[in-house]
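For reference, my_file_27.cif (mmCIF, C-alpha atoms):
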data_model
#
loop_
_atom_site.group_PDB
_atom_site.id
_atom_site.type_symbol
_atom_site.label_atom_id
_atom_site.label_comp_id
_atom_site.auth_asym_id
_atom_site.auth_seq_id
_atom_site.Cartn_x
_atom_site.Cartn_y
_atom_site.Cartn_z
ATOM 1 C CA MET A 1 70.257 106.043 139.376
ATOM 2 C CA GLU A 2 72.376 103.325 140.924
ATOM 3 C CA ASN A 3 71.443 101.062 138.074
ATOM 4 C CA LEU A 4 72.531 103.576 135.501
ATOM 5 C CA PHE A 5 75.990 103.859 137.051
ATOM 6 C CA GLU A 6 76.334 100.110 137.236
ATOM 7 C CA LEU A 7 75.427 99.912 133.588
ATOM 8 C CA LEU A 8 77.993 102.572 132.673
ATOM 9 C CA VAL A 9 80.772 100.892 134.662
ATOM 10 C CA ALA A 10 79.967 97.571 133.020
ATOM 11 C CA ALA A 11 79.908 99.180 129.579
ATOM 12 C CA PHE A 12 83.336 100.743 130.049
ATOM 13 C CA LEU A 13 84.744 97.415 131.236
ATOM 14 C CA VAL A 14 83.335 95.606 128.206
ATOM 15 C CA ILE A 15 84.690 98.223 125.799
ATOM 16 C CA ALA A 16 88.099 97.989 127.484
ATOM 17 C CA GLY A 17 88.012 94.211 127.205
ATOM 18 C CA ILE A 18 87.151 94.315 123.522
ATOM 19 C CA PHE A 19 90.016 96.650 122.708
ATOM 20 C CA GLY A 20 92.389 94.616 124.845
ATOM 21 C CA ILE A 21 91.531 91.465 122.952
ATOM 22 C CA VAL A 22 91.749 93.189 119.563
ATOM 23 C CA GLY A 23 95.212 94.429 120.526
ATOM 24 C CA SER A 24 96.366 90.960 121.497
ATOM 25 C CA PHE A 25 94.798 89.433 118.403
ATOM 26 C CA GLY A 26 96.665 91.979 116.316
ATOM 27 C CA LEU A 27 99.944 90.653 117.714
ATOM 28 C CA ILE A 28 99.179 87.262 116.142
ATOM 29 C CA LYS A 29 97.508 88.406 112.989
ATOM 30 C CA LEU A 30 99.748 91.170 111.693
ATOM 31 C CA ASN A 31 102.619 89.718 109.721
ATOM 32 C CA ASP A 32 105.635 91.985 109.948
ATOM 33 C CA PRO A 33 107.532 93.115 113.051
ATOM 34 C CA MET A 34 106.917 96.840 112.691
ATOM 35 C CA SER A 35 103.182 96.331 112.169
ATOM 36 C CA ARG A 36 103.037 94.055 115.194
ATOM 37 C CA LEU A 37 104.319 96.889 117.290
ATOM 38 C CA HIS A 38 101.113 98.804 116.549
ATOM 39 C CA ALA A 39 98.960 96.249 118.357
ATOM 40 C CA PRO A 40 100.248 96.670 121.935
ATOM 41 C CA THR A 41 100.126 100.474 121.746
ATOM 42 C CA LYS A 42 96.414 100.052 121.100
ATOM 43 C CA ALA A 43 95.745 97.837 124.084
ATOM 44 C CA THR A 44 97.350 100.445 126.322
ATOM 45 C CA THR A 45 95.320 103.393 125.084
ATOM 46 C CA LEU A 46 91.644 102.494 124.855
ATOM 47 C CA GLY A 47 91.894 99.140 126.624
ATOM 48 C CA VAL A 48 93.520 100.469 129.773
ATOM 49 C CA GLY A 49 91.706 103.789 129.408
ATOM 50 C CA GLY A 50 88.349 102.043 129.597
ATOM 51 C CA VAL A 51 89.260 100.160 132.777
ATOM 52 C CA LEU A 52 90.495 103.372 134.385
ATOM 53 C CA LEU A 53 87.320 105.260 133.473
ATOM 54 C CA ALA A 54 85.227 102.452 134.936
ATOM 55 C CA SER A 55 87.318 102.535 138.110
ATOM 56 C CA MET A 56 86.983 106.303 138.509
ATOM 57 C CA LEU A 57 83.254 106.136 137.934
ATOM 58 C CA HIS A 58 82.923 103.332 140.447
ATOM 59 C CA ALA A 59 84.774 105.282 143.105
ATOM 60 C CA ALA A 60 82.697 108.396 142.498
ATOM 61 C CA ALA A 61 79.331 106.625 142.395
ATOM 62 C CA PHE A 62 79.640 103.876 144.999
ATOM 63 C CA GLU A 63 82.473 104.781 147.369
ATOM 64 C CA GLU A 64 81.501 108.410 147.895
ATOM 65 C CA HIS A 65 84.875 109.877 147.130
ATOM 66 C CA PHE A 66 86.721 110.847 144.012
ATOM 67 C CA SER A 67 89.763 108.885 142.986
ATOM 68 C CA TYR A 68 92.635 110.513 141.126
ATOM 69 C CA HIS A 69 95.068 107.622 140.953
ATOM 70 C CA GLU A 70 93.626 106.670 137.600
ATOM 71 C CA LEU A 71 94.699 110.009 136.155
ATOM 72 C CA MET A 72 98.213 109.314 137.395
ATOM 73 C CA ILE A 73 98.214 105.860 135.809
ATOM 74 C CA THR A 74 97.125 107.423 132.508
ATOM 75 C CA LEU A 75 99.861 110.020 132.772
ATOM 76 C CA PHE A 76 102.617 107.502 133.515
ATOM 77 C CA LEU A 77 101.341 105.189 130.809
ATOM 78 C CA PHE A 78 101.376 107.961 128.243
ATOM 79 C CA LEU A 79 104.927 108.807 129.270
ATOM 80 C CA THR A 80 106.304 105.255 129.172
ATOM 81 C CA ALA A 81 104.429 103.534 126.333
ATOM 82 C CA PRO A 82 105.899 105.634 123.494
ATOM 83 C CA ILE A 83 109.408 105.120 124.868
ATOM 84 C CA THR A 84 109.020 101.335 124.989
ATOM 85 C CA ALA A 85 107.640 101.300 121.455
ATOM 86 C CA ASN A 86 110.477 103.533 120.307
ATOM 87 C CA PHE A 87 113.092 101.200 121.767
ATOM 88 C CA ILE A 88 111.578 98.140 120.130
ATOM 89 C CA ALA A 89 111.448 100.019 116.834
ATOM 90 C CA LYS A 90 115.103 100.960 117.232
ATOM 91 C CA VAL A 91 116.052 97.324 117.832
ATOM 92 C CA HIS A 92 114.226 96.409 114.640
ATOM 93 C CA ILE A 93 116.033 99.122 112.684
ATOM 94 C CA HIS A 94 119.368 97.944 114.066
ATOM 95 C CA ARG A 95 118.919 94.284 113.312
ATOM 96 C CA GLN A 96 116.746 94.078 110.218
ATOM 97 C CA GLU A 97 117.419 97.248 108.273
ATOM 98 C CA THR A 98 120.453 98.929 106.791
ATOM 99 C CA ARG A 99 120.930 102.492 105.669
ATOM 100 C CA GLU A 100 120.064 101.426 102.135
ATOM 101 C CA THR A 101 116.737 99.782 102.999
ATOM 102 C CA MET A 102 115.499 102.754 105.004
ATOM 103 C CA PRO A 103 113.625 105.658 103.428
ATOM 104 C CA GLU A 104 115.372 108.994 102.895
ATOM 105 C CA ALA A 105 116.030 110.935 106.089
ATOM 106 C CA GLY A 106 114.552 114.206 104.871
ATOM 107 C CA GLY A 107 117.342 116.686 104.243
ATOM 108 C CA ASP A 108 119.712 114.846 106.546
ATOM 109 C CA ASP A 109 122.049 111.990 105.794
ATOM 110 C CA HIS A 110 120.632 109.013 107.692
ATOM 111 C CA TRP A 111 118.567 108.030 110.729
ATOM 112 C CA ALA A 112 119.972 108.391 114.233
ATOM 113 C CA THR A 113 119.894 104.652 114.965
ATOM 114 C CA HIS A 114 122.391 104.049 112.154
ATOM 115 C CA ASP A 115 124.700 106.756 113.412
ATOM 116 C CA THR A 116 128.329 105.755 114.048
ATOM 117 C CA PRO A 117 131.064 107.499 116.051
ATOM 118 C CA GLU A 118 132.731 108.486 112.748
ATOM 119 C CA ASP A 119 129.540 110.249 111.664
ATOM 120 C CA GLU A 120 129.477 112.109 114.898
ATOM 121 C CA GLU A 121 133.050 113.298 114.425
ATOM 122 C CA ARG A 122 132.308 114.395 110.874
ATOM 123 C CA ARG A 123 129.270 116.307 112.059
ATOM 124 C CA HIS A 124 131.200 117.896 114.861
ATOM 125 C CA ALA A 125 133.865 119.038 112.410
ATOM 126 C CA ALA A 126 131.237 120.439 110.055
ATOM 127 C CA HIS A 127 129.566 122.447 112.788
ATOM 128 C CA ASN A 128 132.831 123.825 114.163
ATOM 129 C CA PRO A 129 134.707 124.840 111.016
ATOM 130 C CA PRO A 130 138.438 125.541 111.356
ATOM 131 C CA ALA A 131 139.417 129.157 111.952
ATOM 132 C CA GLU A 132 140.256 130.026 108.326
ATOM 133 C CA GLU A 133 136.776 131.415 107.581
ATOM 134 C CA MET B 1 114.105 138.585 141.247
ATOM 135 C CA LYS B 2 117.319 136.728 140.442
ATOM 136 C CA LEU B 3 117.084 134.939 143.747
ATOM 137 C CA ILE B 4 113.620 133.687 142.892
ATOM 138 C CA TRP B 5 114.878 132.216 139.592
ATOM 139 C CA ARG B 6 117.729 130.575 141.486
ATOM 140 C CA LEU B 7 115.323 129.014 143.952
ATOM 141 C CA PHE B 8 112.763 127.973 141.325
ATOM 142 C CA PRO B 9 114.800 126.992 138.282
ATOM 143 C CA HIS B 10 111.792 125.243 136.705
ATOM 144 C CA PRO B 11 108.524 126.813 137.868
ATOM 145 C CA PHE B 12 106.381 124.524 135.709
ATOM 146 C CA LEU B 13 108.109 121.475 137.122
ATOM 147 C CA THR B 14 107.449 122.751 140.637
ATOM 148 C CA LEU B 15 103.779 123.135 139.796
ATOM 149 C CA LEU B 16 103.623 119.727 138.135
ATOM 150 C CA LEU B 17 105.335 117.954 141.036
ATOM 151 C CA THR B 18 103.032 119.564 143.588
ATOM 152 C CA LEU B 19 100.012 118.531 141.555
ATOM 153 C CA THR B 20 101.368 115.012 141.072
ATOM 154 C CA TRP B 21 101.910 114.635 144.786
ATOM 155 C CA LEU B 22 98.371 115.801 145.543
ATOM 156 C CA LEU B 23 96.943 113.337 143.053
ATOM 157 C CA MET B 24 99.053 110.519 144.449
ATOM 158 C CA VAL B 25 97.868 111.174 147.988
ATOM 159 C CA ASN B 26 94.331 111.037 146.604
ATOM 160 C CA ARG B 27 92.787 113.002 149.471
ATOM 161 C CA TRP B 28 92.787 116.752 149.762
ATOM 162 C CA SER B 29 94.464 118.217 152.845
ATOM 163 C CA LEU B 30 96.653 121.216 153.574
ATOM 164 C CA ASN B 31 99.399 118.917 154.857
ATOM 165 C CA SER B 32 99.833 117.177 151.554
ATOM 166 C CA LEU B 33 99.739 120.479 149.681
ATOM 167 C CA VAL B 34 102.610 121.817 151.788
ATOM 168 C CA PHE B 35 104.599 118.611 151.514
ATOM 169 C CA GLY B 36 103.977 118.416 147.767
ATOM 170 C CA PHE B 37 105.174 121.980 147.389
ATOM 171 C CA MET B 38 108.303 121.174 149.361
ATOM 172 C CA LEU B 39 109.043 118.291 147.006
ATOM 173 C CA GLY B 40 108.280 120.593 144.094
ATOM 174 C CA VAL B 41 110.931 123.027 145.320
ATOM 175 C CA ILE B 42 113.595 120.528 146.348
ATOM 176 C CA ILE B 43 113.535 118.178 143.335
ATOM 177 C CA PRO B 44 114.007 120.832 140.605
ATOM 178 C CA PHE B 45 116.655 122.529 142.760
ATOM 179 C CA VAL B 46 118.679 119.345 143.239
ATOM 180 C CA THR B 47 118.355 118.126 139.656
ATOM 181 C CA GLN B 48 118.977 121.421 137.910
ATOM 182 C CA PRO B 49 122.521 120.562 136.720
ATOM 183 C CA TYR B 50 120.911 117.931 134.488
ATOM 184 C CA TRP B 51 118.672 120.368 132.643
ATOM 185 C CA PRO B 52 120.354 123.703 132.354
ATOM 186 C CA ASN B 53 117.856 125.050 129.805
ATOM 187 C CA ARG B 54 114.369 125.940 130.827
ATOM 188 C CA PRO B 55 111.833 124.670 128.277
ATOM 189 C CA ASN B 56 110.111 127.732 126.981
ATOM 190 C CA LEU B 57 106.323 127.392 127.126
ATOM 191 C CA ARG B 58 104.964 130.284 125.180
ATOM 192 C CA ARG B 59 101.263 129.536 125.590
ATOM 193 C CA PRO B 60 100.681 127.059 128.433
ATOM 194 C CA LEU B 61 96.899 127.291 128.090
ATOM 195 C CA LYS B 62 97.081 125.819 124.604
ATOM 196 C CA ILE B 63 98.208 122.557 126.224
ATOM 197 C CA ALA B 64 94.639 121.854 127.363
ATOM 198 C CA GLU B 65 93.356 122.228 123.815
ATOM 199 C CA TYR B 66 96.153 119.998 122.551
ATOM 200 C CA ILE B 67 95.361 117.258 125.083
ATOM 201 C CA LEU B 68 91.680 117.317 124.132
ATOM 202 C CA VAL B 69 92.459 117.053 120.423
ATOM 203 C CA VAL B 70 94.838 114.150 121.050
ATOM 204 C CA LEU B 71 92.342 112.301 123.272
ATOM 205 C CA MET B 72 89.609 112.577 120.637
ATOM 206 C CA ASP B 73 92.036 111.359 117.989
ATOM 207 C CA ILE B 74 93.104 108.413 120.138
ATOM 208 C CA ILE B 75 89.513 107.210 120.463
ATOM 209 C CA GLN B 76 88.772 107.688 116.779
ATOM 210 C CA ALA B 77 92.001 106.102 115.594
ATOM 211 C CA ASN B 78 91.563 103.138 117.954
ATOM 212 C CA ILE B 79 88.330 102.235 116.227
ATOM 213 C CA ILE B 80 89.865 102.606 112.767
ATOM 214 C CA VAL B 81 92.813 100.408 113.704
ATOM 215 C CA ALA B 82 90.620 97.807 115.391
ATOM 216 C CA ARG B 83 88.748 97.567 112.101
ATOM 217 C CA ILE B 84 91.989 97.138 110.179
ATOM 218 C CA VAL B 85 93.183 94.403 112.539
ATOM 219 C CA LEU B 86 89.905 92.508 112.492
ATOM 220 C CA PHE B 87 88.655 92.823 108.937
ATOM 221 C CA LYS B 88 91.464 93.756 106.601
ATOM 222 C CA PRO B 89 93.486 90.845 105.174
ATOM 223 C CA ASN B 90 97.226 91.311 105.507
ATOM 224 C CA ALA B 91 97.642 91.275 101.734
ATOM 225 C CA ASP B 92 95.481 94.403 101.346
ATOM 226 C CA ARG B 93 97.238 96.330 104.069
ATOM 227 C CA ARG B 94 99.833 98.884 102.980
ATOM 228 C CA PRO B 95 102.335 99.291 105.834
ATOM 229 C CA ASN B 96 104.606 102.169 105.063
ATOM 230 C CA TRP B 97 107.463 104.287 106.347
ATOM 231 C CA ILE B 98 106.930 107.997 106.115
ATOM 232 C CA THR B 99 109.381 110.815 106.715
ATOM 233 C CA ILE B 100 108.131 113.918 108.448
ATOM 234 C CA PRO B 101 110.299 116.984 107.970
ATOM 235 C CA LEU B 102 110.380 118.835 111.288
ATOM 236 C CA GLU B 103 109.882 122.519 111.788
ATOM 237 C CA LEU B 104 110.102 122.125 115.556
ATOM 238 C CA LYS B 105 113.547 122.764 116.981
ATOM 239 C CA THR B 106 113.412 122.243 120.744
ATOM 240 C CA PRO B 107 114.005 118.677 121.984
ATOM 241 C CA GLU B 108 110.997 118.887 124.341
ATOM 242 C CA ALA B 109 108.656 119.731 121.477
ATOM 243 C CA ILE B 110 110.035 116.979 119.246
ATOM 244 C CA THR B 111 109.678 114.468 122.098
ATOM 245 C CA ALA B 112 106.078 115.539 122.629
ATOM 246 C CA LEU B 113 105.356 115.164 118.919
ATOM 247 C CA ALA B 114 106.978 111.718 118.756
ATOM 248 C CA GLY B 115 105.014 110.573 121.818
ATOM 249 C CA THR B 116 101.760 111.845 120.347
ATOM 250 C CA ILE B 117 102.395 110.068 117.067
ATOM 251 C CA THR B 118 102.988 106.792 118.876
ATOM 252 C CA MET B 119 99.951 107.145 121.141
ATOM 253 C CA THR B 120 97.570 107.818 118.270
ATOM 254 C CA PRO B 121 97.285 104.282 116.944
ATOM 255 C CA GLY B 122 98.021 103.559 113.331
ATOM 256 C CA THR B 123 101.196 105.586 113.405
ATOM 257 C CA LEU B 124 104.369 104.929 115.340
ATOM 258 C CA SER B 125 107.405 107.146 115.562
ATOM 259 C CA ALA B 126 110.509 105.025 115.127
ATOM 260 C CA ASP B 127 113.506 107.279 114.749
ATOM 261 C CA VAL B 128 114.812 110.775 114.299
ATOM 262 C CA SER B 129 117.329 111.785 111.656
ATOM 263 C CA ASP B 130 120.974 112.252 112.588
ATOM 264 C CA GLU B 131 120.708 116.033 112.829
ATOM 265 C CA GLY B 132 117.175 116.164 114.119
ATOM 266 C CA HIS B 133 115.466 117.600 111.048
ATOM 267 C CA ALA B 134 113.141 114.698 110.278
ATOM 268 C CA LEU B 135 111.083 112.100 112.082
ATOM 269 C CA LEU B 136 110.641 108.536 110.853
ATOM 270 C CA VAL B 137 107.101 107.251 111.291
ATOM 271 C CA HIS B 138 105.732 103.797 110.571
ATOM 272 C CA CYS B 139 102.120 103.528 109.387
ATOM 273 C CA LEU B 140 100.023 100.430 109.855
ATOM 274 C CA ASP B 141 97.947 101.111 106.758
ATOM 275 C CA ALA B 142 98.741 104.104 104.606
ATOM 276 C CA PRO B 143 97.715 103.868 100.976
ATOM 277 C CA ASN B 144 98.510 107.573 100.741
ATOM 278 C CA PRO B 145 101.604 108.432 102.840
ATOM 279 C CA ASP B 146 101.616 112.113 101.895
ATOM 280 C CA ALA B 147 98.143 112.623 103.361
ATOM 281 C CA VAL B 148 99.236 111.104 106.689
ATOM 282 C CA ARG B 149 102.292 113.328 106.757
ATOM 283 C CA ASP B 150 100.276 116.463 106.046
ATOM 284 C CA GLU B 151 97.720 115.576 108.705
ATOM 285 C CA ILE B 152 100.366 115.078 111.380
ATOM 286 C CA LYS B 153 101.981 118.373 110.454
ATOM 287 C CA GLN B 154 98.663 120.197 110.403
ATOM 288 C CA ARG B 155 97.076 118.745 113.498
ATOM 289 C CA TYR B 156 99.931 118.223 115.915
ATOM 290 C CA GLU B 157 103.058 120.008 114.820
ATOM 291 C CA ARG B 158 101.290 123.322 114.219
ATOM 292 C CA ARG B 159 99.766 123.216 117.705
ATOM 293 C CA LEU B 160 103.081 122.264 119.323
ATOM 294 C CA MET B 161 104.735 125.144 117.483
ATOM 295 C CA GLU B 162 102.250 127.471 119.140
ATOM 296 C CA ILE B 163 102.881 125.990 122.561
ATOM 297 C CA PHE B 164 106.657 125.705 122.531
ATOM 298 C CA GLU B 165 108.161 128.088 119.997
#
What's the structure tokens form of this structure?
Amino acid sequence: MENLFELLVAAFLVIAGIFGIVGSFGLIKLNDPMSRLHAPTKATTLGVGGVLLASMLHAAAFEEHFSYHELMITLFLFLTAPITANFIAKVHIHRQETRETMPEAGGDDHWATHDTPEDEERRHAAHNPPAEE
Amino acid sequence: MKLIWRLFPHPFLTLLLTLTWLLMVNRWSLNSLVFGFMLGVIIPFVTQPYWPNRPNLRRPLKIAEYILVVLMDIIQANIIVARIVLFKPNADRRPNWITIPLELKTPEAITALAGTITMTPGTLSADVSDEGHALLVHCLDAPNPDAVRDEIKQRYERRLMEIFE
């Protein structure tokens, strides 16, 4: 039984390591900035997830108590990782793209990153029409 | 009744904070439950000027189903993306922007959708349109952008609609 758990812990660690290295390799291999951003989000999901699973299993099998910190780490990671990625994407949109190079913003005029104070005023005026109606 | 709403402006937040505290302490005891509950009462009470609206969870139990679906997708998509990174030459890859028209209205729901899109590898939410009616998503490899858009709408947005609206 002990052996089985050791095997499982080791397997999770190896899987985590493989995904971590694939994520880092992706950073070098992918050739445009937005695609590169995909690589680190990968390392955080399965890579870190594998380590955390191994850690929880280790605590439960060998230290005779359950450990919940790993769940917290997962939670905080899932809260922060998308925000970091979003900010990097926004920097890219600011510096490398213009309104013309971006795809259509659905039914709206443009994307929020390209919004200017004048746009905001215009929108405000449109949503609060003068009293004549 | 009104007094109870005044004291617990965000009941779900109270529950979540208590649970978070218990998990942080990592050992079950009545002491930490009471202290966690105290934090869960005080923090929402003190911070309530910053979120005047209570997010409306219509079917909280659906959240569990949603989390399971997302976890399965994360594992599956990780493998797909690892294959793209390792074996697909850059010239064959079709990175693409896609626009997802949003039916969700509440900011909390849109945030949850954007976070989910980023966490499922292969797609990355980059921006929202100026009036909040569309989401800009970048795909690592999408030969068929419409299919990706429909899948996101079907799998995630529909479920979030059920939970939030």
Kindly assemble as CSV a list of the chain A residues that lie within 7 Å of chain B, each paired with its nearest atom pair and their distance in Å to one decimal, using all atoms listed in the file, sorted first by chain and then by ascending residue number.
residue,atom,partner,partner_atom,distance
A:Val22,CA,B:Ala82,CA,6.3
A:Gly26,CA,B:Val85,CA,5.7
A:Leu30,CA,B:Asn90,CA,6.7
A:Ser35,CA,B:Leu140,CA,5.7
A:His38,CA,B:Gly122,CA,6.5
A:Thr41,CA,B:Met119,CA,6.7
A:Lys42,CA,B:Pro121,CA,6.0
A:Leu46,CA,B:Ile75,CA,6.8
A:Ser67,CA,B:Asn26,CA,6.2
A:Tyr68,CA,B:Leu23,CA,5.5
A:His69,CA,B:Met24,CA,6.0
A:Pro82,CA,B:Gly115,CA,5.3
A:Asn86,CA,B:Ala126,CA,5.4
A:Ala89,CA,B:Ala126,CA,5.4
A:Lys90,CA,B:Ala126,CA,6.5
A:Pro103,CA,B:Trp97,CA,7.0
A:Ala105,CA,B:Ser129,CA,5.8
A:Gly106,CA,B:Ala134,CA,5.6
A:Asp108,CA,B:Ser129,CA,6.4
A:Asp109,CA,B:Asp130,CA,6.9
A:His110,CA,B:Ser129,CA,5.9
A:Trp111,CA,B:Ser129,CA,4.1
A:Ala112,CA,B:Asp130,CA,4.3
A:Thr113,CA,B:Asp127,CA,6.9
A:Asp115,CA,B:Asp130,CA,6.7
If the PyMOL selection byres ((chain A and resi 7-9) around 8) is run on the structure shown, which residues does it catch, given as a CSV table (one decimal) with C-alpha atoms, in the frame of the given file?
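Just written: out39.csv:
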chain,number,residue,atom,x,y,z
A,3,ASN,CA,71.4,101.1,138.1
A,4,LEU,CA,72.5,103.6,135.5
A,5,PHE,CA,76.0,103.9,137.1
A,6,GLU,CA,76.3,100.1,137.2
A,10,ALA,CA,80.0,97.6,133.0
A,11,ALA,CA,79.9,99.2,129.6
A,12,PHE,CA,83.3,100.7,130.0
A,13,LEU,CA,84.7,97.4,131.2
A,53,LEU,CA,87.3,105.3,133.5
A,54,ALA,CA,85.2,102.5,134.9
A,55,SER,CA,87.3,102.5,138.1
A,57,LEU,CA,83.3,106.1,137.9
A,58,HIS,CA,82.9,103.3,140.4
*Run the PyMOL selection byres ((chain B and resi 15) around 12) mentally over the shown coordinates, then write out the matched residues as a list in words, using the chain letters and numbers from the document.*
Phe8, Pro9, His10, Pro11, Phe12, Leu13, Thr14, Leu16, Leu17, Thr18, Leu19, Thr20, Trp21, Leu22, Leu33, Gly36, Phe37, Met38, Leu39, Gly40, Val41, Ile43 and Pro44 of chain B
*Between A:Phe25, A:Thr116, A:Met34, A:Gly20, which one has atoms that come closest to Ile88 of chain A, using only C-alpha atoms?*
A:Met34
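Residue nearest Ile18 of chain A within the list A:Thr101, A:Val48, A:His127, A:Phe87: A:Val48 [criterion: smallest interatomic distance, all atoms listed in the file].
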_Two-atom distance - atom CA of Leu7 of chain B, atom CA of Phe45 of chain B (Å)_ = 6.7 Å
_Gap from atom CA of Leu160 of chain B to atom CA of Leu37 of chain A - Å, one decimal_ = 25.5 Å
_Residue nearest Val51 of chain A among A:Glu2, A:Glu100, A:Glu120, A:Glu70 (counting only C-alpha atoms)_ = A:Glu70
*May I ask for the distance between atom CA of Val34 of chain B and atom CA of Val46 of chain B, given in Å to one decimal place?*
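Spanning atom CA of Val34 of chain B to atom CA of Val46 of chain B is a straight-line distance of 18.4 Å.
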Padding of 6 Å on every side, edges along x, y and z, all listed atoms of segment 8-18 of chain A included: what centre and edge lengths in Å, to one decimal, does that box have, as AutoDock Vina command-line options?
--center_x 83.0 --center_y 98.4 --center_z 129.1 --size_x 22.1 --size_y 20.4 --size_z 23.1
Test item: write segment 69-121 of chain A with C-alpha atoms as a PDB file, in the first residue's frame:
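Output saved as selection.pdb:
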ATOM      1  CA  HIS A  69      -3.522  24.583   1.966  1.00  0.00           C
ATOM      2  CA  GLU A  70      -3.142  23.184  -1.517  1.00  0.00           C
ATOM      3  CA  LEU A  71      -6.790  23.924  -2.245  1.00  0.00           C
ATOM      4  CA  MET A  72      -6.186  27.506  -1.159  1.00  0.00           C
ATOM      5  CA  ILE A  73      -3.143  27.800  -3.417  1.00  0.00           C
ATOM      6  CA  THR A  74      -5.237  26.522  -6.333  1.00  0.00           C
ATOM      7  CA  LEU A  75      -7.969  29.012  -5.534  1.00  0.00           C
ATOM      8  CA  PHE A  76      -5.620  31.998  -5.309  1.00  0.00           C
ATOM      9  CA  LEU A  77      -3.798  30.899  -8.436  1.00  0.00           C
ATOM     10  CA  PHE A  78      -7.025  30.641 -10.382  1.00  0.00           C
ATOM     11  CA  LEU A  79      -7.969  34.114  -9.190  1.00  0.00           C
ATOM     12  CA  THR A  80      -4.656  35.810 -10.004  1.00  0.00           C
ATOM     13  CA  ALA A  81      -3.382  34.058 -13.142  1.00  0.00           C
ATOM     14  CA  PRO A  82      -6.143  35.287 -15.487  1.00  0.00           C
ATOM     15  CA  ILE A  83      -5.688  38.848 -14.233  1.00  0.00           C
ATOM     16  CA  THR A  84      -1.939  38.810 -14.889  1.00  0.00           C
ATOM     17  CA  ALA A  85      -2.496  37.387 -18.361  1.00  0.00           C
ATOM     18  CA  ASN A  86      -5.170  39.990 -19.018  1.00  0.00           C
ATOM     19  CA  PHE A  87      -2.841  42.830 -18.054  1.00  0.00           C
ATOM     20  CA  ILE A  88      -0.052  41.578 -20.287  1.00  0.00           C
ATOM     21  CA  ALA A  89      -2.541  41.227 -23.131  1.00  0.00           C
ATOM     22  CA  LYS A  90      -3.717  44.785 -22.535  1.00  0.00           C
ATOM     23  CA  VAL A  91      -0.139  46.073 -22.685  1.00  0.00           C
ATOM     24  CA  HIS A  92       0.272  44.290 -26.004  1.00  0.00           C
ATOM     25  CA  ILE A  93      -2.938  45.811 -27.358  1.00  0.00           C
ATOM     26  CA  HIS A  94      -1.818  49.261 -26.232  1.00  0.00           C
ATOM     27  CA  ARG A  95       1.637  49.138 -27.719  1.00  0.00           C
ATOM     28  CA  GLN A  96       1.410  46.947 -30.799  1.00  0.00           C
ATOM     29  CA  GLU A  97      -2.138  47.297 -32.053  1.00  0.00           C
ATOM     30  CA  THR A  98      -4.360  50.142 -33.148  1.00  0.00           C
ATOM     31  CA  ARG A  99      -8.105  50.273 -33.518  1.00  0.00           C
ATOM     32  CA  GLU A 100      -7.705  49.455 -37.199  1.00  0.00           C
ATOM     33  CA  THR A 101      -5.619  46.306 -36.702  1.00  0.00           C
ATOM     34  CA  MET A 102      -7.992  44.831 -34.137  1.00  0.00           C
ATOM     35  CA  PRO A 103     -10.969  42.675 -35.095  1.00  0.00           C
ATOM     36  CA  GLU A 104     -14.491  44.101 -34.929  1.00  0.00           C
ATOM     37  CA  ALA A 105     -15.794  44.627 -31.404  1.00  0.00           C
ATOM     38  CA  GLY A 106     -19.093  42.837 -31.934  1.00  0.00           C
ATOM     39  CA  GLY A 107     -21.896  45.378 -32.031  1.00  0.00           C
ATOM     40  CA  ASP A 108     -19.854  47.940 -30.143  1.00  0.00           C
ATOM     41  CA  ASP A 109     -17.441  50.518 -31.453  1.00  0.00           C
ATOM     42  CA  HIS A 110     -14.021  49.409 -30.208  1.00  0.00           C
ATOM     43  CA  TRP A 111     -12.253  47.488 -27.443  1.00  0.00           C
ATOM     44  CA  ALA A 112     -12.023  48.907 -23.934  1.00  0.00           C
ATOM     45  CA  THR A 113      -8.222  49.183 -23.981  1.00  0.00           C
ATOM     46  CA  HIS A 114      -8.439  51.683 -26.846  1.00  0.00           C
ATOM     47  CA  ASP A 115     -11.034  53.752 -25.052  1.00  0.00           C
ATOM     48  CA  THR A 116     -10.266  57.466 -24.620  1.00  0.00           C
ATOM     49  CA  PRO A 117     -11.813  60.060 -22.292  1.00  0.00           C
ATOM     50  CA  GLU A 118     -13.602  61.580 -25.317  1.00  0.00           C
ATOM     51  CA  ASP A 119     -15.244  58.225 -26.031  1.00  0.00           C
ATOM     52  CA  GLU A 120     -16.394  58.040 -22.486  1.00  0.00           C
ATOM     53  CA  GLU A 121     -17.980  61.481 -22.692  1.00  0.00           C
TER      54      GLU A 121
END
